file coords.tsv (TSV, C-alpha atoms)
chain	number	residue	atom	x	y	z
Z	1	LYS	CA	-97.39	-69.92	22.89
Z	2	PHE	CA	-99.37	-72.81	24.40
Z	3	PHE	CA	-98.74	-73.90	28.00
Z	4	ASP	CA	-100.28	-76.45	30.36
Z	5	MET	CA	-101.19	-74.51	33.52
Z	6	ARG	CA	-100.74	-77.72	35.54
Z	7	LYS	CA	-97.18	-78.26	34.22
Z	8	LEU	CA	-95.66	-74.85	33.75
Z	9	GLY	CA	-92.19	-76.26	34.48
Z	10	ARG	CA	-92.37	-78.26	31.25
Z	11	GLY	CA	-92.27	-75.08	29.20
Z	12	GLU	CA	-94.28	-74.29	26.11
Z	13	TYR	CA	-95.95	-77.06	24.15
Z	14	LYS	CA	-96.20	-75.15	20.90
Z	15	SER	CA	-95.59	-71.72	19.39
Z	16	HIS	CA	-98.01	-70.35	16.81
Z	17	ASN	CA	-96.82	-67.45	14.66
Z	18	ILE	CA	-99.78	-65.14	14.01
Z	19	ASP	CA	-98.38	-62.03	12.36
Z	20	GLN	CA	-96.07	-59.07	12.99
Z	21	GLY	CA	-98.79	-56.85	14.51
Z	22	ALA	CA	-98.40	-55.31	17.95
Z	23	GLY	CA	-102.09	-55.42	18.90
Z	24	VAL	CA	-103.37	-57.20	22.02
Z	25	ILE	CA	-104.67	-60.70	21.27
Z	26	ILE	CA	-108.15	-61.53	22.65
Z	27	PRO	CA	-108.55	-65.34	22.73
Z	28	PHE	CA	-111.87	-67.23	22.98
Z	29	PHE	CA	-111.94	-71.00	23.53
Z	30	ASP	CA	-114.92	-73.19	22.62
Z	31	GLU	CA	-114.68	-76.32	24.77
Z	32	GLY	CA	-117.35	-78.11	22.72
Z	33	THR	CA	-115.34	-78.11	19.49
Z	34	ASN	CA	-111.84	-77.44	20.93
Z	35	MET	CA	-111.63	-74.36	18.74
Z	36	LEU	CA	-109.57	-71.31	19.69
Z	37	TYR	CA	-110.63	-67.99	18.14
Z	38	LEU	CA	-107.86	-65.38	18.11
Z	39	CYS	CA	-109.07	-61.79	17.80
Z	40	GLY	CA	-106.96	-58.69	18.18
Z	41	LYS	CA	-107.53	-55.01	18.92
Z	42	GLY	CA	-106.91	-52.98	15.79
Z	43	ASP	CA	-107.01	-56.14	13.69
Z	44	ALA	CA	-109.81	-56.83	11.20
Z	45	ASN	CA	-109.21	-60.59	11.04
Z	46	ILE	CA	-110.14	-63.51	13.30
Z	47	ARG	CA	-107.97	-66.62	13.21
Z	48	MET	CA	-109.25	-70.10	14.07
Z	49	VAL	CA	-107.09	-72.82	15.59
Z	50	GLU	CA	-108.14	-76.35	16.59
Z	51	LEU	CA	-106.44	-77.71	19.71
Z	52	VAL	CA	-105.70	-81.43	20.14
Z	53	ASN	CA	-104.24	-83.53	22.97
Z	54	GLU	CA	-101.16	-84.75	21.11
Z	55	ASP	CA	-98.34	-83.42	19.00
Z	56	PRO	CA	-98.53	-81.06	17.06
Z	57	TRP	CA	-101.13	-79.82	19.62
Z	58	GLN	CA	-102.79	-77.35	17.25
Z	59	PHE	CA	-103.97	-76.98	13.66
Z	60	SER	CA	-104.69	-73.74	11.86
Z	61	ILE	CA	-108.25	-74.07	10.51
Z	62	GLY	CA	-108.79	-70.80	8.71
Z	63	GLU	CA	-109.13	-67.07	9.00
Z	64	TYR	CA	-111.97	-64.59	8.78
Z	65	LYS	CA	-110.80	-61.50	6.89
Z	66	GLY	CA	-112.70	-58.28	7.47
Z	67	LYS	CA	-112.28	-54.66	6.43
Z	68	ASP	CA	-112.99	-52.71	9.63
Z	69	PRO	CA	-110.48	-52.89	12.50
Z	70	CYS	CA	-111.75	-54.32	15.78
Z	71	ARG	CA	-112.14	-52.12	18.86
Z	72	GLY	CA	-113.60	-54.86	21.02
Z	73	VAL	CA	-115.04	-58.33	20.65
Z	74	CYS	CA	-117.10	-60.85	22.61
Z	75	MET	CA	-118.48	-64.33	22.01
Z	76	VAL	CA	-122.19	-65.14	22.31
Z	77	PRO	CA	-123.03	-68.01	24.74
Z	78	LYS	CA	-123.09	-71.43	23.14
Z	79	ARG	CA	-126.65	-72.15	24.27
Z	80	VAL	CA	-128.10	-69.64	21.76
Z	81	MET	CA	-126.47	-71.15	18.65
Z	82	ASP	CA	-128.75	-72.05	15.72
Z	83	THR	CA	-128.29	-75.82	15.57
Z	84	SER	CA	-130.46	-76.12	12.44
Z	85	ILE	CA	-127.69	-74.56	10.30
Z	86	CYS	CA	-124.76	-76.02	12.29
Z	87	GLU	CA	-123.71	-72.67	13.75
Z	88	VAL	CA	-120.78	-73.41	16.07
Z	89	ALA	CA	-119.83	-69.88	17.14
Z	90	ARG	CA	-121.16	-66.32	17.02
Z	91	VAL	CA	-118.91	-63.33	17.60
Z	92	LEU	CA	-119.90	-59.69	18.15
Z	93	LYS	CA	-117.21	-57.41	16.74
Z	94	LEU	CA	-117.22	-53.76	17.81
Z	95	CYS	CA	-116.08	-51.43	15.03
Z	96	LYS	CA	-115.90	-47.62	14.83
Z	97	ASP	CA	-119.58	-47.02	14.03
Z	98	LYS	CA	-121.24	-50.44	14.10
Z	99	ILE	CA	-121.32	-53.90	15.63
Z	100	GLU	CA	-120.71	-56.77	13.24
Z	101	VAL	CA	-122.36	-60.14	13.95
Z	102	LEU	CA	-120.10	-62.92	12.69
Z	103	ARG	CA	-121.54	-66.43	12.52
Z	104	PHE	CA	-119.22	-69.41	12.09
Z	105	ILE	CA	-120.98	-72.37	10.46
Z	106	CYS	CA	-119.70	-75.92	10.01
Z	107	PRO	CA	-120.81	-77.17	6.57
Z	108	ARG	CA	-122.90	-80.32	6.89
Z	109	LYS	CA	-125.29	-81.84	4.35
Z	110	ALA	CA	-127.50	-83.58	6.90
Z	111	LYS	CA	-130.41	-81.53	8.25
Z	112	ILE	CA	-130.65	-83.44	11.55
Z	113	PHE	CA	-129.13	-82.39	14.87
Z	114	GLN	CA	-125.34	-82.89	14.85
Z	115	ALA	CA	-124.57	-84.24	18.32
Z	116	ASP	CA	-120.79	-84.24	17.76
Z	117	LEU	CA	-120.83	-80.46	17.25
Z	118	TYR	CA	-123.04	-79.71	20.24
Z	119	PRO	CA	-122.11	-81.39	23.53
Z	120	ASP	CA	-123.90	-80.10	26.62
Z	121	ALA	CA	-123.16	-76.40	27.10
Z	122	TYR	CA	-122.64	-74.22	30.17
Z	123	ALA	CA	-126.05	-73.05	31.38
Z	124	GLY	CA	-124.88	-69.97	33.30
Z	125	GLU	CA	-125.42	-69.22	36.99
Z	126	ALA	CA	-128.26	-67.01	38.20
Z	127	VAL	CA	-127.37	-64.34	40.76
Z	128	LYS	CA	-128.92	-65.35	44.07
Z	129	ASP	CA	-127.94	-62.41	46.29
Z	130	ASN	CA	-127.79	-58.67	45.84
Z	131	ALA	CA	-124.76	-56.54	46.77
Z	132	GLY	CA	-126.06	-55.88	50.30
Z	133	ALA	CA	-126.52	-59.57	51.04
Z	134	TYR	CA	-123.04	-60.27	49.71
Z	135	PHE	CA	-121.29	-57.70	51.94
Z	136	ASP	CA	-123.29	-58.77	55.00
Z	137	SER	CA	-122.30	-62.42	54.56
Z	138	ASP	CA	-119.15	-64.24	55.60
Z	139	THR	CA	-116.73	-63.69	52.72
Z	140	SER	CA	-113.86	-65.55	54.35
Z	141	LYS	CA	-115.20	-68.84	52.98
Z	142	PRO	CA	-114.60	-69.57	49.31
Z	143	PHE	CA	-117.67	-69.37	47.10
Z	144	LYS	CA	-118.49	-72.68	45.46
Z	145	ALA	CA	-121.13	-73.12	42.78
Z	146	GLU	CA	-122.22	-76.14	40.80
Z	147	VAL	CA	-121.47	-75.81	37.10
Z	148	LYS	CA	-124.84	-76.41	35.47
Z	149	ARG	CA	-125.04	-77.60	31.90
Z	150	ILE	CA	-127.90	-77.80	29.41
Z	151	THR	CA	-128.43	-79.94	26.35
Z	152	MET	CA	-128.00	-78.36	22.93
Z	153	ASP	CA	-130.49	-80.76	21.31
Z	154	PRO	CA	-133.67	-78.73	20.59
Z	155	LYS	CA	-135.88	-81.81	20.93
Z	156	LYS	CA	-134.64	-82.49	24.47
Z	157	ARG	CA	-134.90	-78.96	25.83
Z	158	SER	CA	-137.70	-78.29	28.27
Z	159	GLY	CA	-140.25	-75.76	27.05
Z	160	ALA	CA	-139.05	-76.04	23.46
Z	161	LYS	CA	-141.45	-74.47	20.98
Z	162	PRO	CA	-141.73	-75.01	17.23
Z	163	LYS	CA	-140.23	-72.33	15.03
Z	164	PRO	CA	-142.58	-69.69	13.62
Z	165	GLY	CA	-144.07	-70.68	10.28
Z	166	LEU	CA	-144.16	-74.41	11.05
Z	167	SER	CA	-147.48	-76.13	11.48
Z	168	ALA	CA	-148.11	-78.23	14.53
Z	169	ALA	CA	-148.12	-81.33	12.33
Z	170	THR	CA	-144.69	-80.47	10.89
Z	171	ALA	CA	-143.30	-79.81	14.37
Z	172	GLY	CA	-144.64	-83.08	15.72
Z	173	GLY	CA	-147.87	-81.66	17.18
Z	174	LYS	CA	-151.29	-83.28	17.42
Z	175	LYS	CA	-154.03	-83.18	14.78
Z	176	GLU	CA	-156.24	-81.30	17.25
Z	177	ASP	CA	-153.75	-78.41	17.22
Z	178	VAL	CA	-153.97	-78.16	13.42
Z	179	ALA	CA	-157.77	-78.17	13.55
Z	180	SER	CA	-157.82	-75.39	16.13
Z	181	LEU	CA	-155.45	-73.30	14.00
Z	182	LYS	CA	-157.65	-73.72	10.92
Z	183	LYS	CA	-160.66	-72.68	12.98
Z	184	GLU	CA	-158.84	-69.55	14.16
Z	185	VAL	CA	-157.86	-68.67	10.57
Z	186	ALA	CA	-161.49	-68.98	9.48
Z	187	ARG	CA	-162.60	-66.72	12.34
Z	188	LEU	CA	-160.05	-64.06	11.42
Z	189	LYS	CA	-161.05	-64.17	7.74
Z	190	ASP	CA	-164.68	-63.72	8.73
Z	191	LEU	CA	-163.73	-60.74	10.88
Z	192	LEU	CA	-161.84	-59.13	7.98
Z	193	ASP	CA	-164.83	-59.64	5.64
Z	194	LYS	CA	-167.25	-58.04	8.11
Z	195	ASN	CA	-165.05	-54.94	8.32
Z	196	ASN	CA	-164.55	-54.75	4.51
Z	197	ILE	CA	-160.78	-55.24	4.86
Z	198	LYS	CA	-159.10	-56.69	1.78
Z	199	TYR	CA	-156.33	-59.24	2.20

call {"tool": "encode", "arguments": {"input": "coords.tsv", "output": "structure tokens"}}
result
Amino acid sequence: KFFDMRKLGRGEYKSHNIDQGAGVIIPFFDEGTNMLYLCGKGDANIRMVELVNEDPWQFSIGEYKGKDPCRGVCMVPKRVMDTSICEVARVLKLCKDKIEVLRFICPRKAKIFQADLYPDAYAGEAVKDNAGAYFDSDTSKPFKAEVKRITMDPKKRSGAKPKPGLSAATAGGKKEDVASLKKEVARLKDLLDKNNIKY
């Protein structure tokens, strides 16, 4: 059942029949794509629902069907998604003797960055104090922290590095970088030849 926490008196907006199982539902919401992932303990499947701001409020998108029942599940932070293959979610599913990595990919033909799939994501908050500093401080005041967000566009991220296997020219580097790489390759080949190492 879907409710608006700000208008609980209104009642439920929509009911979504999942199945007849008695397992505990573990929901994960992706605010960037408005997707709700419904996992359940003892259930091998993960259901996907898209939420909208008008009637009928939700659409069933699809379902991942697995073989091993789930003992626990968590979602990987959005900021580590592989934007080059349009990965929109990554779920770690704990099974009896293994952890399954499930990647949800939106099929797109274009190879460029898809801005509509990747709005700015939550950057996380670094811990500033240890436990001792926390208990020694005034805890009567509510803790307030700024919600920091980062861009999902690889070209706009600070400290972004080209992927391994790409030349500096392919990644938008300078010609001087390519020349220095070729010089280093020649030096390594010469070192291998001097030590009679075949390659």

call {"tool": "atom_distance", "arguments": {"input": "coords.tsv", "atom1": "CA of Gly42 in chain Z", "atom2": "CA of Cys86 in chain Z"}}
result
29.4 Å

call {"tool": "closest_residue", "arguments": {"input": "coords.tsv", "among": "Z:Pro107, Z:Gly132, Z:Pro69, Z:Pro56", "to": "Tyr13 in chain Z", "atoms": "all atoms listed in the file"}}
result
Z:Pro56

call {"tool": "closest_residue", "arguments": {"input": "coords.tsv", "among": "Z:Ile197, Z:Ile46, Z:Asp120, Z:Cys70", "to": "Arg103 in chain Z", "atoms": "all atoms listed in the file"}}
result
Z:Ile46

call {"tool": "atom_distance", "arguments": {"input": "coords.tsv", "atom1": "CA of Asp68 in chain Z", "atom2": "CA of Asn45 in chain Z"}}
result
8.9 Å

call {"tool": "atom_distance", "arguments": {"input": "coords.tsv", "atom1": "CA of Asp153 in chain Z", "atom2": "CA of Pro119 in chain Z"}}
result
8.7 Å

call {"tool": "closest_residue", "arguments": {"input": "coords.tsv", "among": "Z:Phe135, Z:Tyr64, Z:Phe59, Z:Phe3", "to": "Met35 in chain Z", "atoms": "all atoms listed in the file"}}
result
Z:Phe59

call {"tool": "closest_residue", "arguments": {"input": "coords.tsv", "among": "Z:Ala89, Z:Ala44, Z:Ala115, Z:Leu8", "to": "Gly66 in chain Z", "atoms": "all atoms listed in the file"}}
result
Z:Ala44

call {"tool": "closest_residue", "arguments": {"input": "coords.tsv", "among": "Z:Ile61, Z:Leu92, Z:Glu87, Z:Ala121", "to": "Arg108 in chain Z", "atoms": "only C-alpha atoms"}}
result
Z:Glu87

call {"tool": "closest_residue", "arguments": {"input": "coords.tsv", "among": "Z:Val52, Z:Ile112, Z:Leu36, Z:Ile150", "to": "Lys78 in chain Z", "atoms": "only C-alpha atoms"}}
result
Z:Ile150

call {"tool": "axis_aligned_box", "arguments": {"input": "coords.tsv", "around": "range 150-155 of chain Z", "padding_each_side": "8 Å", "output": "lines of an AutoDock Vina configuration file"}}
result
center_x = -131.9
center_y = -79.8
center_z = 25.0
size_x = 24.0
size_y = 20.0
size_z = 24.8

call {"tool": "residues_around", "arguments": {"input": "coords.tsv", "residues": "Ile25 in chain Z", "least_positions_apart": "4", "cutoff": "7 Å", "atoms": "all atoms listed in the file", "output": "number ranges by chain"}}
result
Z: 38-41
